[in-house]
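> For reference, this is start16.pdb, and it has PDB, C-alpha atoms, pLDDT in the B column.
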```
ATOM      1  CA  MET A  96     154.194 175.296  27.641  1.00 52.00           C
ATOM      2  CA  SER A  97     157.175 176.647  25.759  1.00 58.00           C
ATOM      3  CA  SER A  98     158.211 174.813  22.616  1.00 58.00           C
ATOM      4  CA  LEU A  99     161.841 175.096  23.732  1.00 59.00           C
ATOM      5  CA  LEU A 100     161.407 172.640  26.589  1.00 61.00           C
ATOM      6  CA  MET A 101     162.416 169.052  25.734  1.00 58.00           C
ATOM      7  CA  LYS A 102     161.230 168.907  22.156  1.00 62.00           C
ATOM      8  CA  GLU A 103     164.828 168.306  21.122  1.00 65.00           C
ATOM      9  CA  ILE A 104     167.026 165.488  22.385  1.00 72.00           C
ATOM     10  CA  PRO A 105     168.490 166.971  25.565  1.00 76.00           C
ATOM     11  CA  LEU A 106     172.149 166.913  26.519  1.00 84.00           C
ATOM     12  CA  MET A 107     172.391 165.233  29.892  1.00 89.00           C
ATOM     13  CA  VAL A 108     175.271 164.773  32.276  1.00 91.00           C
ATOM     14  CA  GLN A 109     175.782 163.344  35.745  1.00 91.00           C
ATOM     15  CA  PRO A 110     176.054 166.186  38.279  1.00 92.00           C
ATOM     16  CA  SER A 111     178.945 164.414  40.036  1.00 91.00           C
ATOM     17  CA  LEU A 112     180.910 164.288  36.757  1.00 93.00           C
ATOM     18  CA  ALA A 113     180.174 167.968  36.076  1.00 94.00           C
ATOM     19  CA  LYS A 114     181.323 168.832  39.590  1.00 93.00           C
ATOM     20  CA  GLU A 115     184.556 166.888  39.108  1.00 93.00           C
ATOM     21  CA  LEU A 116     185.464 167.984  35.561  1.00 95.00           C
ATOM     22  CA  GLY A 117     183.469 171.135  34.965  1.00 96.00           C
ATOM     23  CA  LEU A 118     180.143 171.360  33.161  1.00 96.00           C
ATOM     24  CA  ASN A 119     181.511 171.952  29.646  1.00 97.00           C
ATOM     25  CA  GLU A 120     184.002 169.086  29.840  1.00 97.00           C
ATOM     26  CA  ALA A 121     181.389 166.742  31.298  1.00 96.00           C
ATOM     27  CA  LEU A 122     178.892 167.582  28.532  1.00 96.00           C
ATOM     28  CA  PHE A 123     181.499 167.067  25.844  1.00 97.00           C
ATOM     29  CA  LEU A 124     182.646 163.777  27.363  1.00 96.00           C
ATOM     30  CA  GLN A 125     179.040 162.553  27.612  1.00 95.00           C
ATOM     31  CA  GLN A 126     178.391 163.419  23.962  1.00 94.00           C
ATOM     32  CA  LEU A 127     181.636 161.739  22.928  1.00 95.00           C
ATOM     33  CA  ASN A 128     180.573 158.627  24.835  1.00 95.00           C
ATOM     34  CA  TYR A 129     177.197 158.707  23.049  1.00 93.00           C
ATOM     35  CA  TRP A 130     178.944 158.513  19.671  1.00 94.00           C
ATOM     36  CA  ILE A 131     181.595 156.002  20.769  1.00 95.00           C
ATOM     37  CA  GLU A 132     178.837 153.621  21.903  1.00 94.00           C
ATOM     38  CA  ARG A 133     177.464 153.719  18.343  1.00 93.00           C
ATOM     39  CA  SER A 134     180.846 153.519  16.614  1.00 95.00           C
ATOM     40  CA  THR A 135     181.938 150.578  14.492  1.00 95.00           C
ATOM     41  CA  LYS A 136     185.521 151.851  14.181  1.00 95.00           C
ATOM     42  CA  LYS A 137     187.562 149.613  16.480  1.00 95.00           C
ATOM     43  CA  ILE A 138     191.298 150.280  16.524  1.00 94.00           C
ATOM     44  CA  ASP A 139     193.729 148.728  19.015  1.00 92.00           C
ATOM     45  CA  GLY A 140     190.846 147.349  21.073  1.00 94.00           C
ATOM     46  CA  LYS A 141     189.104 150.723  21.452  1.00 95.00           C
ATOM     47  CA  TYR A 142     186.160 152.238  19.648  1.00 97.00           C
ATOM     48  CA  TRP A 143     186.905 155.577  18.048  1.00 97.00           C
ATOM     49  CA  ILE A 144     184.980 158.338  16.338  1.00 96.00           C
ATOM     50  CA  TYR A 145     186.270 161.113  14.146  1.00 95.00           C
ATOM     51  CA  ASN A 146     185.104 164.686  13.931  1.00 94.00           C
ATOM     52  CA  THR A 147     186.279 168.100  12.917  1.00 94.00           C
ATOM     53  CA  ILE A 148     186.010 171.092  15.225  1.00 95.00           C
ATOM     54  CA  GLU A 149     183.354 172.485  12.898  1.00 95.00           C
ATOM     55  CA  ALA A 150     181.337 169.263  13.195  1.00 95.00           C
ATOM     56  CA  TRP A 151     181.611 169.448  16.994  1.00 96.00           C
ATOM     57  CA  HIS A 152     180.393 173.043  16.752  1.00 97.00           C
ATOM     58  CA  LYS A 153     177.246 171.837  14.962  1.00 95.00           C
ATOM     59  CA  GLN A 154     176.555 169.517  17.928  1.00 93.00           C
ATOM     60  CA  PHE A 155     177.313 172.282  20.419  1.00 96.00           C
ATOM     61  CA  PRO A 156     176.155 175.491  18.687  1.00 95.00           C
ATOM     62  CA  PHE A 157     175.967 177.305  22.027  1.00 95.00           C
ATOM     63  CA  TRP A 158     179.772 177.127  22.399  1.00 97.00           C
ATOM     64  CA  SER A 159     182.230 179.055  20.324  1.00 97.00           C
ATOM     65  CA  ILE A 160     184.846 177.176  18.309  1.00 97.00           C
ATOM     66  CA  SER A 161     187.559 178.404  20.672  1.00 98.00           C
ATOM     67  CA  THR A 162     185.568 177.054  23.646  1.00 98.00           C
ATOM     68  CA  ILE A 163     185.304 173.648  21.967  1.00 98.00           C
ATOM     69  CA  LYS A 164     189.046 173.649  21.279  1.00 97.00           C
ATOM     70  CA  ARG A 165     189.727 174.575  24.910  1.00 98.00           C
ATOM     71  CA  ILE A 166     187.416 171.808  26.189  1.00 98.00           C
ATOM     72  CA  ILE A 167     189.122 169.194  24.015  1.00 97.00           C
ATOM     73  CA  LEU A 168     192.555 170.434  25.096  1.00 97.00           C
ATOM     74  CA  ASN A 169     191.542 170.304  28.778  1.00 97.00           C
ATOM     75  CA  LEU A 170     190.263 166.744  28.417  1.00 97.00           C
ATOM     76  CA  GLU A 171     193.439 165.742  26.571  1.00 97.00           C
ATOM     77  CA  LYS A 172     195.602 167.274  29.325  1.00 97.00           C
ATOM     78  CA  LYS A 173     193.617 165.368  31.933  1.00 96.00           C
ATOM     79  CA  LYS A 174     194.142 162.267  29.765  1.00 97.00           C
ATOM     80  CA  LEU A 175     190.400 161.595  29.755  1.00 97.00           C
ATOM     81  CA  ILE A 176     190.210 161.607  25.986  1.00 97.00           C
ATOM     82  CA  ILE A 177     192.721 160.120  23.629  1.00 96.00           C
ATOM     83  CA  THR A 178     193.085 161.598  20.183  1.00 95.00           C
ATOM     84  CA  GLY A 179     194.712 160.183  17.109  1.00 92.00           C
ATOM     85  CA  ASN A 180     194.897 160.367  13.344  1.00 91.00           C
ATOM     86  CA  PHE A 181     193.753 157.186  11.625  1.00 91.00           C
ATOM     87  CA  ASN A 182     192.808 158.848   8.373  1.00 90.00           C
ATOM     88  CA  LYS A 183     193.628 157.028   5.145  1.00 90.00           C
ATOM     89  CA  ILE A 184     194.906 160.178   3.503  1.00 89.00           C
ATOM     90  CA  SER A 185     197.937 161.608   5.348  1.00 83.00           C
ATOM     91  CA  MET A 186     197.010 165.223   4.679  1.00 86.00           C
ATOM     92  CA  ASP A 187     193.575 164.710   6.280  1.00 87.00           C
ATOM     93  CA  ARG A 188     193.917 166.276   9.761  1.00 86.00           C
ATOM     94  CA  THR A 189     190.515 165.171  11.084  1.00 91.00           C
ATOM     95  CA  LYS A 190     191.000 164.084  14.680  1.00 93.00           C
ATOM     96  CA  TRP A 191     189.844 160.760  16.017  1.00 96.00           C
ATOM     97  CA  TYR A 192     188.610 160.550  19.606  1.00 97.00           C
ATOM     98  CA  THR A 193     188.093 157.908  22.247  1.00 97.00           C
ATOM     99  CA  ILE A 194     187.623 158.018  26.005  1.00 97.00           C
ATOM    100  CA  ASN A 195     190.137 156.756  28.539  1.00 97.00           C
ATOM    101  CA  TYR A 196     187.535 154.655  30.363  1.00 96.00           C
ATOM    102  CA  SER A 197     190.027 153.268  32.901  1.00 96.00           C
ATOM    103  CA  LEU A 198     190.916 156.788  34.082  1.00 96.00           C
ATOM    104  CA  LEU A 199     187.234 157.695  34.094  1.00 95.00           C
ATOM    105  CA  GLN A 200     186.627 154.652  36.313  1.00 95.00           C
ATOM    106  CA  GLU A 201     189.327 155.890  38.715  1.00 95.00           C
ATOM    107  CA  ILE A 202     187.558 159.252  38.908  1.00 94.00           C
ATOM    108  CA  GLU A 203     184.250 157.490  39.535  1.00 93.00           C
ATOM    109  CA  ASP A 204     185.863 155.401  42.291  1.00 95.00           C
ATOM    110  CA  LYS A 205     187.246 158.578  43.867  1.00 93.00           C
ATOM    111  CA  ILE A 206     183.818 160.227  43.731  1.00 92.00           C
ATOM    112  CA  ASN A 207     182.213 157.128  45.265  1.00 93.00           C
ATOM    113  CA  ILE A 208     184.796 157.053  48.069  1.00 95.00           C
ATOM    114  CA  GLU A 209     184.134 160.730  48.804  1.00 93.00           C
ATOM    115  CA  LYS A 210     180.365 160.098  48.837  1.00 93.00           C
ATOM    116  CA  GLU A 211     180.875 157.121  51.147  1.00 96.00           C
ATOM    117  CA  LYS A 212     182.990 159.269  53.491  1.00 97.00           C
ATOM    118  CA  GLU A 213     180.284 161.939  53.502  1.00 95.00           C
ATOM    119  CA  ASN A 214     177.621 159.313  54.219  1.00 96.00           C
ATOM    120  CA  LEU A 215     179.681 157.810  57.043  1.00 96.00           C
ATOM    121  CA  GLU A 216     180.216 161.267  58.505  1.00 96.00           C
ATOM    122  CA  LYS A 217     176.472 161.936  58.379  1.00 96.00           C
ATOM    123  CA  ILE A 218     175.785 158.582  60.035  1.00 95.00           C
ATOM    124  CA  ASN A 219     178.365 159.298  62.746  1.00 93.00           C
ATOM    125  CA  GLN A 220     176.881 162.729  63.372  1.00 94.00           C
ATOM    126  CA  ALA A 221     173.399 161.214  63.617  1.00 93.00           C
ATOM    127  CA  LYS A 222     174.661 158.584  66.060  1.00 89.00           C
ATOM    128  CA  LEU A 223     176.373 161.220  68.188  1.00 86.00           C
ATOM    129  CA  GLN A 224     173.255 163.366  68.196  1.00 89.00           C
ATOM    130  CA  PHE A 225     171.104 160.392  69.174  1.00 87.00           C
ATOM    131  CA  PHE A 226     173.602 159.401  71.870  1.00 83.00           C
ATOM    132  CA  SER A 227     173.676 162.922  73.262  1.00 82.00           C
ATOM    133  CA  ASN A 228     169.865 163.172  73.236  1.00 86.00           C
ATOM    134  CA  ILE A 229     169.361 159.814  74.928  1.00 85.00           C
ATOM    135  CA  SER A 230     171.995 160.613  77.553  1.00 83.00           C
ATOM    136  CA  HIS A 231     170.182 163.817  78.422  1.00 82.00           C
ATOM    137  CA  GLU A 232     166.921 161.902  78.563  1.00 87.00           C
ATOM    138  CA  PHE A 233     168.465 159.596  81.190  1.00 87.00           C
ATOM    139  CA  ARG A 234     169.878 162.456  83.242  1.00 87.00           C
ATOM    140  CA  THR A 235     166.531 164.116  83.909  1.00 87.00           C
ATOM    141  CA  PRO A 236     164.845 161.166  85.644  1.00 89.00           C
ATOM    142  CA  LEU A 237     168.093 160.232  87.389  1.00 91.00           C
ATOM    143  CA  THR A 238     168.342 163.731  88.822  1.00 90.00           C
ATOM    144  CA  LEU A 239     164.812 163.368  90.162  1.00 91.00           C
ATOM    145  CA  ILE A 240     165.593 159.954  91.658  1.00 91.00           C
ATOM    146  CA  ILE A 241     168.763 161.274  93.312  1.00 91.00           C
ATOM    147  CA  SER A 242     167.053 164.343  94.739  1.00 92.00           C
ATOM    148  CA  GLN A 243     164.137 162.301  96.100  1.00 91.00           C
ATOM    149  CA  SER A 244     166.585 159.780  97.557  1.00 91.00           C
ATOM    150  CA  GLU A 245     168.418 162.596  99.318  1.00 90.00           C
ATOM    151  CA  VAL A 246     165.135 163.901 100.749  1.00 89.00           C
ATOM    152  CA  LEU A 247     164.232 160.414 101.998  1.00 87.00           C
ATOM    153  CA  MET A 248     167.708 159.866 103.500  1.00 86.00           C
ATOM    154  CA  LYS A 249     167.408 163.121 105.490  1.00 88.00           C
ATOM    155  CA  SER A 250     164.016 162.155 106.850  1.00 86.00           C
ATOM    156  CA  ARG A 251     163.740 160.005 109.899  1.00 83.00           C
ATOM    157  CA  ILE A 252     163.010 156.508 108.755  1.00 82.00           C
ATOM    158  CA  SER A 253     162.716 153.969 111.554  1.00 81.00           C
ATOM    159  CA  SER A 254     163.243 150.919 109.365  1.00 86.00           C
ATOM    160  CA  ILE A 255     166.916 150.109 108.795  1.00 87.00           C
ATOM    161  CA  SER A 256     166.149 147.886 105.805  1.00 88.00           C
ATOM    162  CA  LEU A 257     164.161 150.702 104.177  1.00 89.00           C
ATOM    163  CA  SER A 258     167.004 153.134 104.897  1.00 88.00           C
ATOM    164  CA  ASN A 259     169.465 150.726 103.274  1.00 90.00           C
ATOM    165  CA  LYS A 260     167.228 150.380 100.226  1.00 91.00           C
ATOM    166  CA  ILE A 261     167.016 154.155  99.859  1.00 89.00           C
ATOM    167  CA  LEU A 262     170.802 154.368 100.209  1.00 90.00           C
ATOM    168  CA  ASP A 263     171.174 151.684  97.492  1.00 92.00           C
ATOM    169  CA  ILE A 264     168.844 153.653  95.216  1.00 92.00           C
ATOM    170  CA  TYR A 265     170.897 156.792  95.853  1.00 91.00           C
ATOM    171  CA  ARG A 266     174.283 155.099  95.246  1.00 94.00           C
ATOM    172  CA  ASN A 267     173.141 153.314  92.088  1.00 94.00           C
ATOM    173  CA  SER A 268     171.532 156.481  90.728  1.00 92.00           C
ATOM    174  CA  GLN A 269     174.759 158.390  91.407  1.00 93.00           C
ATOM    175  CA  LEU A 270     176.747 155.639  89.691  1.00 93.00           C
ATOM    176  CA  LEU A 271     174.509 155.832  86.610  1.00 91.00           C
ATOM    177  CA  MET A 272     174.712 159.634  86.622  1.00 89.00           C
ATOM    178  CA  ASN A 273     178.527 159.475  86.748  1.00 90.00           C
ATOM    179  CA  LEU A 274     178.591 156.989  83.853  1.00 87.00           C
ATOM    180  CA  ILE A 275     176.308 159.200  81.785  1.00 85.00           C
ATOM    181  CA  SER A 276     178.465 162.227  82.591  1.00 83.00           C
ATOM    182  CA  GLU A 277     181.567 160.333  81.455  1.00 82.00           C
ATOM    183  CA  LEU A 278     179.806 159.307  78.255  1.00 78.00           C
ATOM    184  CA  LEU A 279     178.749 162.874  77.560  1.00 74.00           C
ATOM    185  CA  ASP A 280     182.313 164.064  78.121  1.00 74.00           C
ATOM    186  CA  PHE A 281     183.519 161.416  75.662  1.00 67.00           C
TER     187      PHE A 281
END
```
Let me see the structure of the file written as structure tokens.

Amino acid sequence: MSSLLMKEIPLMVQPSLAKELGLNEALFLQQLNYWIERSTKKIDGKYWIYNTIEAWHKQFPFWSISTIKRIILNLEKKKLIITGNFNKISMDRTKWYTINYSLLQEIEDKINIEKEKENLEKINQAKLQFFSNISHEFRTPLTLIISQSEVLMKSRISSISLSNKILDIYRNSQLLMNLISELLDF
């Protein structure tokens, strides 16, 4: 097996987040969350981390510095990350970062609603397919019952009560067939 496979700590991201934000932004946000969870720097009720672009580049050596800047800018525009300057020395321009977890929760809720809609649609399609299949399964024997009833009604049957029973079978079979036809048209 190749030594490149999983010998390092892998960068992981939820596919639904990558689909919503883009893979680069999702990876960056996940890595930012990793560091925020370990941060002891709490300011205004939020945990923050600080990093230079060059330090981010060391964590993401497969991206260029301009790509990292673009990712951060995109996440700032989407208001998913909040940046600030809490440095003790005013000329220190190192950015501080935190995640807007409430907005991230809104995105997660939106994704969950979309998944629920997709699941409901799949369930409805399965129900319709089952309904259609079962309706067709009823039609076949009903067609046979109706055709045999018609044959029996045309034959000369001396018993009136038997004739009436055959007529009842025919009428009720026709009624069921009409109901099934209406359901299929629905």
> Kindly give the distance, in Å, that separates atom CA of Phe233 of chain A and atom CA of Ile252 of chain A, rounded to a single decimal.
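Taking atom CA of Phe233 of chain A as the start and atom CA of Ile252 of chain A as the end point, the length is 28.3 Å.
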> Need the axis-aligned box for segment 191-198 of chain A with 8 Å each side, so what are the centre and edges in Å to one decimal, as lines of an AutoDock Vina configuration file?

```
center_x = 189.2
center_y = 157.0
center_z = 25.0
size_x = 19.4
size_y = 23.5
size_z = 34.1
```
> When you look at segment 171-187 of chain A with a cut-off of 9 Å (counting only C-alpha atoms), what residues show up, excluding the ones that are within fewer than 4 positions of it in the same chain? I need them as a list in words.
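In the requested form, the answer reads Leu124, Ile138, Trp143, Tyr145, Ile166, Ile167, Trp191, Tyr192, Thr193, Ile194, Asn195, Tyr196, Ser197, Leu198 and Leu199 of chain A.
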> One number please: atom CA of Thr238 of chain A to atom CA of Leu274 of chain A, in Å, one decimal.
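Atom-to-atom, atom CA of Thr238 of chain A to atom CA of Leu274 of chain A, that is 13.2 Å.
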> Just give me the gap between atom CA of Asn228 of chain A and atom CA of Glu245 of chain A in Å, one decimal is fine.
26.1 Å
> Selected by the PyMOL selection byres ((chain A and resi 120) around 10) in the shown coordinates: which residues, as a VMD selection string?
chain A and resid 112 to 113 115 to 119 121 to 126 163 165 to 170 175
> What residues have an atom no more than 7 Å from (161.8, 155.1, 103.5) in the file's own frame, counting only C-alpha atoms, and can you write them as a PDB file with C-alpha atoms, in the coordinates of the input?

```
ATOM      1  CA  LEU A 247     164.232 160.414 101.998  1.00 87.00           C
ATOM      2  CA  ILE A 252     163.010 156.508 108.755  1.00 82.00           C
ATOM      3  CA  LEU A 257     164.161 150.702 104.177  1.00 89.00           C
ATOM      4  CA  SER A 258     167.004 153.134 104.897  1.00 88.00           C
ATOM      5  CA  ILE A 261     167.016 154.155  99.859  1.00 89.00           C
TER       6      ILE A 261
END
```
> Compile the contact shell of Leu237 of chain A as a compact mmCIF listing (two decimals) with C-alpha atoms, in the coordinates of the input: residues with an atom at most 12 Å away, counting only C-alpha atoms, same-chain residues fewer than 5 positions apart removed.

```txt
# COMPACT_ATOMS: atom_id res chain seq x y z
CA SER A 230 172.00 160.61 77.55
CA HIS A 231 170.18 163.82 78.42
CA GLU A 232 166.92 161.90 78.56
CA SER A 242 167.05 164.34 94.74
CA GLN A 243 164.14 162.30 96.10
CA SER A 244 166.58 159.78 97.56
CA ILE A 264 168.84 153.65 95.22
CA TYR A 265 170.90 156.79 95.85
CA ARG A 266 174.28 155.10 95.25
CA ASN A 267 173.14 153.31 92.09
CA SER A 268 171.53 156.48 90.73
CA GLN A 269 174.76 158.39 91.41
CA LEU A 270 176.75 155.64 89.69
CA LEU A 271 174.51 155.83 86.61
CA MET A 272 174.71 159.63 86.62
CA ASN A 273 178.53 159.48 86.75
CA LEU A 274 178.59 156.99 83.85
CA ILE A 275 176.31 159.20 81.78
CA SER A 276 178.46 162.23 82.59
```
> Which one of A:Ile229, A:Ile240, A:Ile160, A:Val246 sits closest to Leu278 of chain A if you count only C-alpha atoms?
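So, comparing all the options, the nearest one is A:Ile229.
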> For segment 252-272 of chain A, supply N, CA, C and O atoms and format the output as a compact mmCIF listing (two decimals), in the coordinates of the input.

```txt
# COMPACT_ATOMS: atom_id res chain seq x y z
N ILE A 252 163.65 157.78 109.11
CA ILE A 252 163.01 156.51 108.76
C ILE A 252 163.42 155.50 109.82
O ILE A 252 164.62 155.30 110.08
N SER A 253 162.43 154.88 110.44
CA SER A 253 162.72 153.97 111.55
C SER A 253 163.20 152.60 111.06
O SER A 253 163.95 151.92 111.75
N SER A 254 162.86 152.24 109.86
CA SER A 254 163.24 150.92 109.36
C SER A 254 164.64 150.97 108.76
O SER A 254 164.92 151.73 107.82
N ILE A 255 165.53 150.16 109.29
CA ILE A 255 166.92 150.11 108.80
C ILE A 255 166.94 149.52 107.38
O ILE A 255 167.69 150.00 106.53
N SER A 256 166.15 148.51 107.14
CA SER A 256 166.15 147.89 105.80
C SER A 256 165.64 148.87 104.75
O SER A 256 166.17 148.94 103.64
N LEU A 257 164.65 149.68 105.11
CA LEU A 257 164.16 150.70 104.18
C LEU A 257 165.22 151.78 103.97
O LEU A 257 165.44 152.23 102.84
N SER A 258 165.91 152.17 105.01
CA SER A 258 167.00 153.13 104.90
C SER A 258 168.10 152.60 103.99
O SER A 258 168.65 153.34 103.15
N ASN A 259 168.43 151.34 104.12
CA ASN A 259 169.46 150.73 103.27
C ASN A 259 169.02 150.68 101.81
O ASN A 259 169.83 150.89 100.90
N LYS A 260 167.75 150.41 101.60
CA LYS A 260 167.23 150.38 100.23
C LYS A 260 167.28 151.77 99.60
O LYS A 260 167.64 151.93 98.43
N ILE A 261 166.95 152.77 100.36
CA ILE A 261 167.02 154.16 99.86
C ILE A 261 168.47 154.53 99.55
O ILE A 261 168.77 155.14 98.53
N LEU A 262 169.38 154.12 100.42
CA LEU A 262 170.80 154.37 100.21
C LEU A 262 171.29 153.65 98.94
O LEU A 262 172.06 154.22 98.16
N ASP A 263 170.83 152.42 98.72
CA ASP A 263 171.17 151.68 97.49
C ASP A 263 170.65 152.41 96.25
O ASP A 263 171.35 152.53 95.24
N ILE A 264 169.42 152.89 96.34
CA ILE A 264 168.84 153.65 95.22
C ILE A 264 169.70 154.89 94.94
O ILE A 264 170.03 155.19 93.79
N TYR A 265 170.08 155.59 95.99
CA TYR A 265 170.90 156.79 95.85
C TYR A 265 172.25 156.46 95.22
O TYR A 265 172.67 157.12 94.26
N ARG A 266 172.95 155.47 95.75
CA ARG A 266 174.28 155.10 95.25
C ARG A 266 174.22 154.66 93.78
O ARG A 266 175.05 155.08 92.96
N ASN A 267 173.25 153.80 93.47
CA ASN A 267 173.14 153.31 92.09
C ASN A 267 172.75 154.44 91.12
O ASN A 267 173.22 154.49 89.99
N SER A 268 171.91 155.33 91.56
CA SER A 268 171.53 156.48 90.73
C SER A 268 172.74 157.37 90.49
O SER A 268 172.96 157.86 89.37
N GLN A 269 173.54 157.59 91.54
CA GLN A 269 174.76 158.39 91.41
C GLN A 269 175.74 157.71 90.45
O GLN A 269 176.37 158.38 89.62
N LEU A 270 175.86 156.39 90.58
CA LEU A 270 176.75 155.64 89.69
C LEU A 270 176.31 155.80 88.24
O LEU A 270 177.13 156.09 87.35
N LEU A 271 175.03 155.64 87.97
CA LEU A 271 174.51 155.83 86.61
C LEU A 271 174.73 157.26 86.12
O LEU A 271 175.10 157.48 84.96
N MET A 272 174.51 158.23 86.99
CA MET A 272 174.71 159.63 86.62
C MET A 272 176.17 159.89 86.26
O MET A 272 176.47 160.58 85.28
```
